[in-house]
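Undergrad: Sharing final_16.csv, CSV, C-alpha atoms:
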```
chain,number,residue,atom,x,y,z
T,1,MET,CA,101.0,-66.8,-13.6
T,2,ALA,CA,102.3,-66.6,-17.2
T,3,THR,CA,105.8,-65.4,-17.5
T,4,ARG,CA,105.9,-61.8,-18.6
T,5,ARG,CA,108.3,-61.2,-21.5
T,6,ASN,CA,109.8,-57.8,-21.5
T,7,VAL,CA,110.7,-56.7,-24.9
T,8,LEU,CA,112.2,-53.4,-25.7
T,9,VAL,CA,113.9,-52.9,-28.9
T,10,MET,CA,116.6,-50.3,-29.3
T,11,GLY,CA,116.3,-48.2,-32.0
T,12,VAL,CA,119.0,-46.9,-34.4
T,13,ALA,CA,116.9,-45.6,-37.2
T,14,ALA,CA,117.7,-43.8,-40.3
T,15,ALA,CA,114.9,-41.5,-41.5
T,16,THR,CA,113.9,-42.4,-45.0
T,17,VAL,CA,112.4,-39.8,-47.2
T,18,LEU,CA,111.0,-40.7,-50.5
T,19,ALA,CA,110.4,-37.6,-52.5
T,20,LEU,CA,108.8,-39.1,-55.6
T,21,GLY,CA,107.6,-36.1,-57.6
T,22,ALA,CA,105.2,-33.2,-57.4
T,23,CYS,CA,103.1,-32.8,-54.3
T,24,GLY,CA,99.9,-34.8,-54.4
T,25,ALA,CA,101.1,-37.2,-57.1
T,26,THR,CA,101.6,-40.9,-56.3
T,27,ALA,CA,104.9,-42.6,-57.1
T,28,GLY,CA,103.2,-44.2,-60.0
T,29,GLN,CA,102.6,-40.8,-61.5
T,30,ASP,CA,106.2,-39.8,-61.1
T,31,GLU,CA,108.9,-40.3,-63.6
T,32,GLY,CA,110.2,-43.9,-63.4
T,33,GLY,CA,106.7,-45.2,-62.3
T,34,SER,CA,105.8,-47.1,-59.2
T,35,GLY,CA,107.9,-50.2,-59.9
T,36,ASP,CA,104.8,-52.2,-60.8
T,37,ASP,CA,105.8,-52.0,-64.5
T,38,GLY,CA,109.2,-53.5,-63.7
T,39,LYS,CA,111.0,-50.2,-63.9
T,40,PRO,CA,113.0,-48.8,-60.9
T,41,VAL,CA,111.2,-46.1,-59.0
T,42,ALA,CA,112.9,-42.7,-59.5
T,43,GLY,CA,113.4,-39.8,-57.1
T,44,LEU,CA,113.6,-41.6,-53.8
T,45,ARG,CA,115.2,-39.6,-50.9
T,46,ILE,CA,116.3,-40.9,-47.6
T,47,MET,CA,116.3,-38.6,-44.6
T,48,VAL,CA,118.6,-39.4,-41.6
T,49,PRO,CA,117.5,-37.7,-38.4
T,50,ASN,CA,121.0,-37.6,-36.9
T,51,THR,CA,124.6,-36.9,-38.0
T,52,PRO,CA,126.6,-38.8,-40.6
T,53,GLY,CA,128.3,-42.0,-39.5
T,54,GLY,CA,125.9,-43.3,-36.8
T,55,GLY,CA,123.6,-46.3,-36.9
T,56,TYR,CA,120.7,-44.5,-38.6
T,57,ASP,CA,123.0,-43.1,-41.2
T,58,THR,CA,124.6,-46.5,-41.9
T,59,THR,CA,121.2,-48.2,-42.2
T,60,ALA,CA,119.9,-45.5,-44.6
T,61,ARG,CA,122.9,-45.5,-46.8
T,62,THR,CA,123.0,-49.3,-46.9
T,63,ALA,CA,119.3,-49.4,-47.9
T,64,ALA,CA,119.8,-46.8,-50.6
T,65,LYS,CA,122.8,-48.6,-52.1
T,66,VAL,CA,120.9,-51.9,-52.1
T,67,MET,CA,117.9,-50.3,-53.8
T,68,GLU,CA,120.2,-48.9,-56.4
T,69,ASP,CA,122.2,-52.2,-56.9
T,70,ALA,CA,119.1,-54.3,-57.0
T,71,LYS,CA,117.5,-51.9,-59.5
T,72,ILE,CA,114.5,-51.2,-57.3
T,73,ALA,CA,115.1,-47.5,-57.4
T,74,THR,CA,117.4,-45.1,-59.2
T,75,GLY,CA,119.0,-41.8,-58.1
T,76,VAL,CA,118.4,-42.5,-54.4
T,77,GLN,CA,119.5,-39.5,-52.3
T,78,VAL,CA,120.5,-39.7,-48.6
T,79,PHE,CA,120.6,-36.5,-46.5
T,80,ASN,CA,120.9,-35.7,-42.8
T,81,LEU,CA,118.6,-33.6,-40.7
T,82,PRO,CA,120.0,-34.0,-37.1
T,83,GLY,CA,118.9,-32.5,-33.9
T,84,ALA,CA,117.4,-33.3,-30.5
T,85,GLY,CA,117.9,-37.1,-30.6
T,86,GLY,CA,116.1,-37.4,-34.0
T,87,THR,CA,113.0,-35.3,-33.0
T,88,VAL,CA,113.9,-32.5,-35.4
T,89,GLY,CA,113.5,-35.0,-38.2
T,90,LEU,CA,110.4,-36.4,-36.5
T,91,GLN,CA,108.8,-33.0,-36.4
T,92,ARG,CA,109.6,-32.6,-40.1
T,93,MET,CA,107.7,-35.8,-40.8
T,94,VAL,CA,104.6,-34.8,-38.9
T,95,ASN,CA,104.6,-31.4,-40.5
T,96,GLU,CA,104.6,-33.1,-43.9
T,97,LYS,CA,101.1,-34.5,-43.4
T,98,GLY,CA,99.8,-36.2,-46.6
T,99,ASN,CA,103.2,-36.1,-48.3
T,100,GLY,CA,103.6,-39.6,-49.6
T,101,LYS,CA,106.9,-38.9,-51.1
T,102,LEU,CA,108.6,-38.6,-47.7
T,103,ALA,CA,109.5,-41.3,-45.2
T,104,MET,CA,111.8,-41.6,-42.2
T,105,GLN,CA,113.8,-44.5,-40.9
T,106,MET,CA,113.7,-44.5,-37.1
T,107,GLY,CA,114.0,-46.7,-34.0
T,108,LEU,CA,113.9,-47.0,-30.3
T,109,GLY,CA,116.2,-44.0,-29.8
T,110,VAL,CA,113.7,-41.7,-31.5
T,111,VAL,CA,110.9,-43.2,-29.4
T,112,GLY,CA,112.7,-42.3,-26.2
T,113,ALA,CA,113.9,-38.9,-27.5
T,114,SER,CA,110.3,-37.9,-28.3
T,115,TYR,CA,109.6,-38.0,-24.6
T,116,THR,CA,112.8,-36.8,-23.1
T,117,SER,CA,113.0,-33.9,-25.5
T,118,LYS,CA,109.3,-33.1,-24.8
T,119,SER,CA,108.6,-33.2,-28.5
T,120,SER,CA,105.2,-32.1,-29.7
T,121,ALA,CA,105.6,-34.6,-32.6
T,122,THR,CA,105.2,-38.3,-31.8
T,123,LEU,CA,105.8,-41.5,-33.7
T,124,THR,CA,102.2,-42.5,-33.1
T,125,GLN,CA,101.3,-39.7,-35.4
T,126,THR,CA,103.3,-41.1,-38.3
T,127,THR,CA,102.3,-43.9,-40.8
T,128,PRO,CA,104.3,-47.0,-40.0
T,129,LEU,CA,105.8,-48.7,-43.1
T,130,ALA,CA,108.3,-51.4,-42.1
T,131,LYS,CA,110.5,-52.7,-39.4
T,132,MET,CA,113.7,-53.7,-41.0
T,133,ILE,CA,116.3,-55.1,-38.6
T,134,GLU,CA,117.2,-55.8,-35.0
T,135,GLU,CA,120.5,-55.8,-33.1
T,136,ALA,CA,121.0,-57.4,-29.7
T,137,GLY,CA,122.5,-55.6,-26.8
T,138,ALA,CA,125.3,-56.9,-24.6
T,139,ILE,CA,126.4,-56.5,-20.9
T,140,VAL,CA,130.2,-56.2,-20.8
T,141,VAL,CA,132.9,-55.8,-18.2
T,142,PRO,CA,136.7,-55.3,-18.4
T,143,LYS,CA,138.8,-58.5,-18.5
T,144,ASP,CA,139.9,-58.0,-14.8
T,145,SER,CA,136.3,-57.4,-13.5
T,146,PRO,CA,135.4,-59.4,-10.4
T,147,TYR,CA,132.1,-60.2,-12.1
T,148,LYS,CA,132.5,-63.5,-13.9
T,149,THR,CA,128.8,-64.1,-14.7
T,150,ILE,CA,125.7,-62.0,-15.1
T,151,GLY,CA,124.5,-63.5,-11.8
T,152,ASP,CA,127.6,-62.1,-10.0
T,153,LEU,CA,126.9,-58.7,-11.4
T,154,VAL,CA,123.2,-58.6,-10.6
T,155,ALA,CA,123.9,-59.8,-7.0
T,156,ALA,CA,126.3,-56.9,-6.5
T,157,TRP,CA,124.1,-54.4,-8.2
T,158,LYS,CA,121.1,-55.3,-6.1
T,159,SER,CA,123.1,-55.0,-2.9
T,160,ASP,CA,124.1,-51.4,-3.7
T,161,PRO,CA,122.6,-50.0,-6.9
T,162,LYS,CA,124.1,-46.5,-6.6
T,163,LYS,CA,127.6,-47.9,-6.1
T,164,ILE,CA,127.6,-49.9,-9.4
T,165,ALA,CA,127.9,-47.5,-12.3
T,166,VAL,CA,126.7,-48.5,-15.7
T,167,GLY,CA,127.8,-46.8,-18.8
T,168,GLY,CA,125.9,-46.4,-22.1
T,169,GLY,CA,126.6,-44.7,-25.4
T,170,SER,CA,123.4,-42.7,-25.5
T,171,SER,CA,121.7,-39.9,-23.6
T,172,PRO,CA,118.7,-40.6,-21.3
T,173,GLY,CA,115.8,-42.1,-23.4
T,174,GLY,CA,118.2,-43.6,-25.9
T,175,PRO,CA,118.8,-47.4,-26.3
T,176,ASP,CA,121.9,-47.7,-24.1
T,177,HIS,CA,120.0,-45.9,-21.3
T,178,LEU,CA,116.8,-47.9,-21.7
T,179,LEU,CA,118.6,-51.3,-21.6
T,180,PRO,CA,120.1,-51.0,-18.1
T,181,MET,CA,116.9,-49.4,-16.8
T,182,GLN,CA,114.8,-52.2,-18.1
T,183,LEU,CA,117.3,-54.8,-16.8
T,184,ALA,CA,117.2,-53.2,-13.4
T,185,LYS,CA,113.4,-53.2,-13.4
T,186,THR,CA,113.4,-56.9,-14.4
T,187,VAL,CA,115.8,-58.0,-11.6
T,188,GLY,CA,114.0,-56.0,-8.9
T,189,ILE,CA,116.0,-52.8,-8.8
T,190,ASP,CA,114.2,-49.4,-8.7
T,191,PRO,CA,115.4,-47.8,-12.0
T,192,ARG,CA,115.6,-44.5,-10.2
T,193,GLN,CA,118.4,-45.9,-8.1
T,194,VAL,CA,120.6,-46.8,-11.2
T,195,ASN,CA,123.8,-44.9,-11.5
T,196,PHE,CA,123.8,-44.4,-15.2
T,197,VAL,CA,126.7,-42.6,-16.9
T,198,SER,CA,126.0,-41.3,-20.4
T,199,TYR,CA,128.7,-41.2,-23.1
T,200,ASP,CA,128.5,-39.8,-26.5
T,201,GLY,CA,128.4,-43.0,-28.5
T,202,GLY,CA,130.4,-46.2,-28.4
T,203,GLY,CA,133.7,-44.4,-29.1
T,204,GLU,CA,133.5,-42.8,-25.7
T,205,LEU,CA,131.9,-45.7,-23.9
T,206,LEU,CA,134.6,-48.2,-24.7
T,207,PRO,CA,137.5,-46.5,-23.0
T,208,ALA,CA,135.3,-45.9,-20.0
T,209,VAL,CA,134.6,-49.6,-19.7
T,210,LEU,CA,138.1,-50.6,-20.4
T,211,GLY,CA,139.5,-48.1,-17.9
T,212,GLY,CA,137.1,-49.2,-15.2
T,213,LYS,CA,135.4,-45.8,-15.0
T,214,VAL,CA,132.1,-47.8,-14.9
T,215,ALA,CA,131.5,-51.3,-13.5
T,216,PHE,CA,129.8,-52.4,-16.7
T,217,GLY,CA,128.7,-51.2,-20.1
T,218,ALA,CA,125.4,-51.8,-21.9
T,219,SER,CA,125.2,-51.2,-25.7
T,220,GLY,CA,124.8,-53.0,-29.0
T,221,PHE,CA,127.0,-56.1,-29.1
T,222,GLY,CA,128.7,-54.9,-32.3
T,223,GLU,CA,130.3,-52.0,-30.4
T,224,PHE,CA,132.4,-54.5,-28.4
T,225,LEU,CA,133.4,-57.3,-30.8
T,226,ASP,CA,136.9,-56.2,-31.5
T,227,GLN,CA,137.8,-55.8,-27.9
T,228,VAL,CA,136.1,-59.1,-27.0
T,229,GLU,CA,138.1,-60.9,-29.6
T,230,ALA,CA,141.3,-59.2,-28.3
T,231,GLY,CA,140.6,-60.4,-24.8
T,232,GLN,CA,140.1,-56.9,-23.3
T,233,LEU,CA,136.4,-57.2,-22.5
T,234,ARG,CA,134.1,-60.0,-21.4
T,235,VAL,CA,130.5,-60.3,-22.4
T,236,LEU,CA,128.4,-61.5,-19.5
T,237,ALA,CA,125.2,-61.8,-21.4
T,238,VAL,CA,123.5,-60.8,-24.6
T,239,THR,CA,119.9,-59.5,-24.7
T,240,SER,CA,118.6,-61.4,-27.7
T,241,GLU,CA,116.1,-64.3,-27.7
T,242,GLN,CA,118.7,-66.7,-29.1
T,243,PRO,CA,122.5,-66.7,-28.7
T,244,ILE,CA,124.5,-64.6,-31.1
T,245,ALA,CA,126.6,-66.4,-33.7
T,246,ALA,CA,129.5,-64.0,-33.2
T,247,LEU,CA,129.4,-64.7,-29.4
T,248,LYS,CA,128.5,-68.4,-29.3
T,249,GLU,CA,129.7,-69.0,-25.8
T,250,VAL,CA,127.8,-66.1,-24.3
T,251,PRO,CA,124.4,-66.8,-22.7
T,252,THR,CA,121.3,-64.8,-23.2
T,253,LEU,CA,119.7,-63.0,-20.3
T,254,LYS,CA,116.8,-65.5,-20.5
T,255,ALA,CA,119.1,-68.5,-20.4
T,256,SER,CA,120.6,-66.9,-17.3
T,257,GLY,CA,117.2,-66.7,-15.6
T,258,ILE,CA,116.4,-63.1,-16.4
T,259,ASP,CA,113.2,-62.7,-18.3
T,260,LEU,CA,114.2,-59.9,-20.6
T,261,VAL,CA,114.7,-59.6,-24.3
T,262,PHE,CA,116.0,-56.2,-25.5
T,263,THR,CA,116.7,-55.6,-29.1
T,264,ASN,CA,117.7,-52.5,-31.0
T,265,TRP,CA,115.4,-52.1,-34.0
T,266,ARG,CA,115.3,-49.8,-37.0
T,267,GLY,CA,112.3,-49.1,-39.1
T,268,ILE,CA,110.7,-46.7,-41.5
T,269,VAL,CA,107.7,-44.5,-41.1
T,270,ALA,CA,106.0,-41.9,-43.4
T,271,PRO,CA,104.1,-38.8,-42.6
T,272,PRO,CA,100.5,-39.0,-41.3
T,273,GLY,CA,97.7,-39.0,-43.8
T,274,ILE,CA,99.4,-40.4,-46.9
T,275,SER,CA,97.3,-42.1,-49.5
T,276,ASP,CA,96.9,-45.9,-49.7
T,277,GLY,CA,98.7,-45.8,-53.1
T,278,ASP,CA,101.7,-44.0,-51.7
T,279,LYS,CA,101.9,-46.4,-48.8
T,280,LYS,CA,101.8,-49.3,-51.2
T,281,VAL,CA,104.7,-47.9,-53.2
T,282,TRP,CA,106.8,-47.6,-50.1
T,283,ILE,CA,106.0,-51.1,-48.8
T,284,ASP,CA,106.5,-52.7,-52.2
T,285,ALA,CA,109.9,-51.0,-52.6
T,286,LEU,CA,111.0,-52.0,-49.1
T,287,THR,CA,109.7,-55.6,-49.6
T,288,LYS,CA,111.7,-55.9,-52.8
T,289,MET,CA,114.7,-54.6,-51.1
T,290,HIS,CA,114.3,-57.0,-48.2
T,291,GLU,CA,114.0,-60.0,-50.6
T,292,SER,CA,117.1,-59.0,-52.6
T,293,ALA,CA,120.3,-61.0,-52.4
T,294,GLU,CA,122.1,-57.7,-51.8
T,295,TRP,CA,120.2,-56.9,-48.6
T,296,GLN,CA,120.6,-60.4,-47.3
T,297,ALA,CA,124.4,-60.1,-47.8
T,298,GLU,CA,124.4,-56.8,-45.9
T,299,LEU,CA,122.5,-58.4,-43.0
T,300,ALA,CA,125.2,-61.1,-42.8
T,301,LYS,CA,128.0,-58.7,-43.2
T,302,ARG,CA,126.8,-56.3,-40.5
T,303,GLY,CA,125.5,-58.8,-38.0
T,304,TRP,CA,122.0,-57.4,-38.2
T,305,THR,CA,119.0,-59.7,-37.4
T,306,ASP,CA,116.3,-59.8,-40.1
T,307,ALA,CA,113.1,-58.5,-38.5
T,308,PHE,CA,111.1,-57.4,-41.5
T,309,VAL,CA,107.4,-56.7,-40.9
T,310,THR,CA,105.2,-54.2,-42.7
T,311,GLY,CA,102.1,-52.2,-42.4
T,312,ASP,CA,99.6,-53.1,-39.6
T,313,ALA,CA,102.0,-55.5,-37.9
T,314,PHE,CA,104.7,-52.8,-37.6
T,315,ALA,CA,102.0,-50.3,-36.4
T,316,THR,CA,101.0,-52.7,-33.6
T,317,PHE,CA,104.7,-53.2,-32.7
T,318,LEU,CA,105.4,-49.4,-32.7
T,319,THR,CA,102.4,-48.7,-30.5
T,320,ASP,CA,103.5,-51.3,-28.0
T,321,GLN,CA,107.1,-49.9,-28.0
T,322,ASP,CA,105.8,-46.3,-27.5
T,323,LYS,CA,103.8,-47.4,-24.5
T,324,SER,CA,106.7,-49.4,-22.9
T,325,VAL,CA,109.2,-46.6,-23.3
T,326,ALA,CA,106.7,-43.9,-22.1
T,327,ASP,CA,105.9,-46.0,-19.0
T,328,LEU,CA,109.5,-46.5,-18.1
T,329,LEU,CA,110.6,-42.9,-18.7
T,330,LYS,CA,107.6,-41.7,-16.6
T,331,GLN,CA,108.7,-44.0,-13.8
T,332,LEU,CA,112.2,-42.3,-14.0
T,333,GLY,CA,110.7,-38.8,-14.1
T,334,LEU,CA,111.9,-38.2,-17.6
T,335,ALA,CA,108.6,-38.1,-19.4
```
Go ahead and express the file in the form of structure tokens.
TA:
Amino acid sequence: MATRRNVLVMGVAAATVLALGACGATAGQDEGGSGDDGKPVAGLRIMVPNTPGGGYDTTARTAAKVMEDAKIATGVQVFNLPGAGGTVGLQRMVNEKGNGKLAMQMGLGVVGASYTSKSSATLTQTTPLAKMIEEAGAIVVPKDSPYKTIGDLVAAWKSDPKKIAVGGGSSPGGPDHLLPMQLAKTVGIDPRQVNFVSYDGGGELLPAVLGGKVAFGASGFGEFLDQVEAGQLRVLAVTSEQPIAALKEVPTLKASGIDLVFTNWRGIVAPPGISDGDKKVWIDALTKMHESAEWQAELAKRGWTDAFVTGDAFATFLTDQDKSVADLLKQLGLA
């Protein structure tokens, strides 16, 4: 039987809102034009569906700066609309049906939150524009942990799932929760037996792992790099398809015999029912941003994996992600 590849991609997403002029007008009708004439698009706004300083916010502000620096857009505004794991922003998107001037950057976290928050708005109602980046997860233990390999950890975890606590920097339904749940499912542990301890972001998760309050941590690998380099933490495995350049000696889960790839992704969606013209303006602007030297430099600087796809390809990916997350959360009784 063919090997089943489990792919869940964590989502840090920054909700991107392009308000490009009066209601009902396309970007090409707005001041600054559509960009087809070589002029930067004016009036772009980027909405972030969580508080400043997080992954969504960082991505949105980076994208805005690149579009400005590369002269793709002028006067790009970033604003935050936090609440309920990103679903306040999601509801705003769905309510803005037909508004082609608005878009939201999102990711796996919003997919999960739409179920755990019992949101009436769903990502499948939106218009997918582009997936931008991916970031691998990591399984980490403190330096004095008895678990030297991912195999050691999994063996102990399978023998007594409730005894082995795992910490993550997100609430149930978020990326750091979905990663250990999917890992458990892949290695034959009932996810309902997992002893998951939720922390409010990487800032709280790190001292919990370092202090041995949990047996291991699961989060984006970037959260741990400083402590790994300082010898305070060991990474047992990364969740990407290929090894991570910053962690060259660390095996992937797949190389360790665990058939799971789990990547945190961030993408951009628009409200439902926008015109083909507005959709094209968005995709063209994002494509130009992706092709710019400025964006490629940011990918290298931040350790983000380029995962750019647009339109129908992203729509298919998003539909698959929504189903995978919904199925897992239903199994856990959270959806």
Undergrad: Could you make a table, as a tab-separated table, of the residues of stretch 93-150 of chain T that have an atom within 8 Å of an atom of stretch 318-323 of chain T, each with its nearest atom pair and distance in Å to one decimal, counting only C-alpha atoms, in chain and number order?
TA:
```
residue	atom	partner	partner_atom	distance
T:Leu108	CA	T:Gln321	CA	7.7
T:Val111	CA	T:Asp322	CA	6.3
T:Leu123	CA	T:Asp322	CA	7.8
T:Thr124	CA	T:Thr319	CA	6.7
T:Pro128	CA	T:Leu318	CA	7.8
```
Undergrad: One number please: atom CA of T:Lys163 to atom CA of T:Val194, in Å, one decimal.
TA: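 Value for the atom CA of T:Lys163-atom CA of T:Val194 distance: 8.7 Å.
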Undergrad: Do you know which residues are at most 12 Å from stretch 53-57 of chain T counting all atoms listed in the file, after dropping those on the same chain fewer than 2 positions away, and could you put them as an MDAnalysis selection string?
TA: chainID T and resid 10:16 46:51 59:64 78:82 85:86 89 104:110 132:135 169:170 175 200:203 220 222:223 264:268 302 304
Undergrad: Restricting the calculation to only C-alpha atoms, which member of T:Gly333, T:Gly137, T:Gly173, T:Pro142 is positioned closest to T:Gly231?
TA: T:Pro142
Undergrad: Identify which of the residues T:Leu205, T:Ala184, T:Leu90, T:Ala136 lies closest to T:Thr252, counting all atoms listed in the file when measuring atom-to-atom distances.
TA: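 Closest to T:Thr252, using all atoms listed in the file: T:Ala136.
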Undergrad: Compare T:Lys185, T:Phe216, T:Pro146, T:Thr58 by their minimum atom-to-atom distance to T:Asp327, counting all atoms listed in the file, and give me the closest one.
TA: T:Lys185
Undergrad: Any idea what the distance is between atom CA of T:Ala70 and atom CA of T:Lys101?
TA: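 Going from atom CA of T:Ala70 over to atom CA of T:Lys101, I get 20.5 Å.
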Undergrad: Interatomic distance between atom CA of T:Lys279 and atom CA of T:Gly100?
TA: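 Separation between atom CA of T:Lys279 and atom CA of T:Gly100: 7.1 Å.
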Undergrad: When you look at T:Gly174 with a cut-off of 7 Å (counting all atoms listed in the file), what residues show up, excluding the ones that are within fewer than 2 positions of it in the same chain? I need them as an mmCIF file with C-alpha atoms, keeping the file's coordinate frame.
TA:
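Resulting contents of out_28.cif:
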```cif
data_model
loop_
_atom_site.group_PDB
_atom_site.id
_atom_site.type_symbol
_atom_site.label_atom_id
_atom_site.label_comp_id
_atom_site.auth_asym_id
_atom_site.auth_seq_id
_atom_site.Cartn_x
_atom_site.Cartn_y
_atom_site.Cartn_z
ATOM 1 C CA GLY T 109 116.200 -44.000 -29.800
ATOM 2 C CA GLY T 112 112.700 -42.300 -26.200
ATOM 3 C CA ALA T 113 113.900 -38.900 -27.500
ATOM 4 C CA SER T 170 123.400 -42.700 -25.500
ATOM 5 C CA SER T 171 121.700 -39.900 -23.600
ATOM 6 C CA PRO T 172 118.700 -40.600 -21.300
ATOM 7 C CA ASP T 176 121.900 -47.700 -24.100
ATOM 8 C CA HIS T 177 120.000 -45.900 -21.300
ATOM 9 C CA LEU T 178 116.800 -47.900 -21.700
#
```
Undergrad: Which residue out of T:Lys71, T:Lys248, T:Arg234, T:Lys97 has the minimum interatomic distance to T:Ile274 when all atoms listed in the file are used?
TA: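 Checking each candidate against T:Ile274, we get T:Lys97 as the closest.
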Undergrad: Nearest residue to T:Leu129 out of T:Asp190, T:Glu298, T:Asp276, T:Asp306, using only C-alpha atoms?
TA: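 When distances to T:Leu129 are compared using only C-alpha atoms, the smallest one comes from T:Asp276.
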Undergrad: Just want the 10 Å neighbourhood of T:Trp295, counted on only C-alpha atoms, with same-chain residues fewer than 3 positions away dropped. Output as a list in words.
TA: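 Counting only C-alpha atoms, the residues come to Thr62, Ala63, Lys65, Val66, Met67, Asp69, Ala70, Lys288, Met289, His290, Glu291, Ser292, Glu298, Leu299, Ala300, Lys301 and Asp306 of chain T.
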Undergrad: Using all atoms listed in the file, which residue out of T:Ser219, T:Thr127, T:Ser159, T:Asn99 lies closest to T:Phe314?
TA: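 Smallest separation from T:Phe314 among the options: T:Thr127.
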Undergrad: Determine, counting only C-alpha atoms, which protein, DNA and RNA residues have an atom within 12 Å of an atom of T:Val154; residues of the same chain fewer than 3 positions away are not included. Present the result as a list of chain:residue names.
TA: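 Within the cut-off, the hits are T:Ile139, T:Tyr147, T:Lys148, T:Thr149, T:Ile150, T:Gly151, T:Trp157, T:Lys158, T:Ser159, T:Asp160, T:Pro161, T:Ile164, T:Val166, T:Pro180, T:Leu183, T:Ala184, T:Lys185, T:Thr186, T:Val187, T:Gly188, T:Ile189, T:Ala215, T:Phe216, T:Leu236, T:Ala237, T:Leu253, T:Ser256, T:Gly257, T:Ile258.
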Undergrad: Dump C-alpha atoms for the selected residues as a tab-separated table (two decimals), in the coordinates of the input?
TA:
```
chain	number	residue	atom	x	y	z
T	139	ILE	CA	126.40	-56.50	-20.90
T	147	TYR	CA	132.10	-60.20	-12.10
T	148	LYS	CA	132.50	-63.50	-13.90
T	149	THR	CA	128.80	-64.10	-14.70
T	150	ILE	CA	125.70	-62.00	-15.10
T	151	GLY	CA	124.50	-63.50	-11.80
T	157	TRP	CA	124.10	-54.40	-8.20
T	158	LYS	CA	121.10	-55.30	-6.10
T	159	SER	CA	123.10	-55.00	-2.90
T	160	ASP	CA	124.10	-51.40	-3.70
T	161	PRO	CA	122.60	-50.00	-6.90
T	164	ILE	CA	127.60	-49.90	-9.40
T	166	VAL	CA	126.70	-48.50	-15.70
T	180	PRO	CA	120.10	-51.00	-18.10
T	183	LEU	CA	117.30	-54.80	-16.80
T	184	ALA	CA	117.20	-53.20	-13.40
T	185	LYS	CA	113.40	-53.20	-13.40
T	186	THR	CA	113.40	-56.90	-14.40
T	187	VAL	CA	115.80	-58.00	-11.60
T	188	GLY	CA	114.00	-56.00	-8.90
T	189	ILE	CA	116.00	-52.80	-8.80
T	215	ALA	CA	131.50	-51.30	-13.50
T	216	PHE	CA	129.80	-52.40	-16.70
T	236	LEU	CA	128.40	-61.50	-19.50
T	237	ALA	CA	125.20	-61.80	-21.40
T	253	LEU	CA	119.70	-63.00	-20.30
T	256	SER	CA	120.60	-66.90	-17.30
T	257	GLY	CA	117.20	-66.70	-15.60
T	258	ILE	CA	116.40	-63.10	-16.40
```
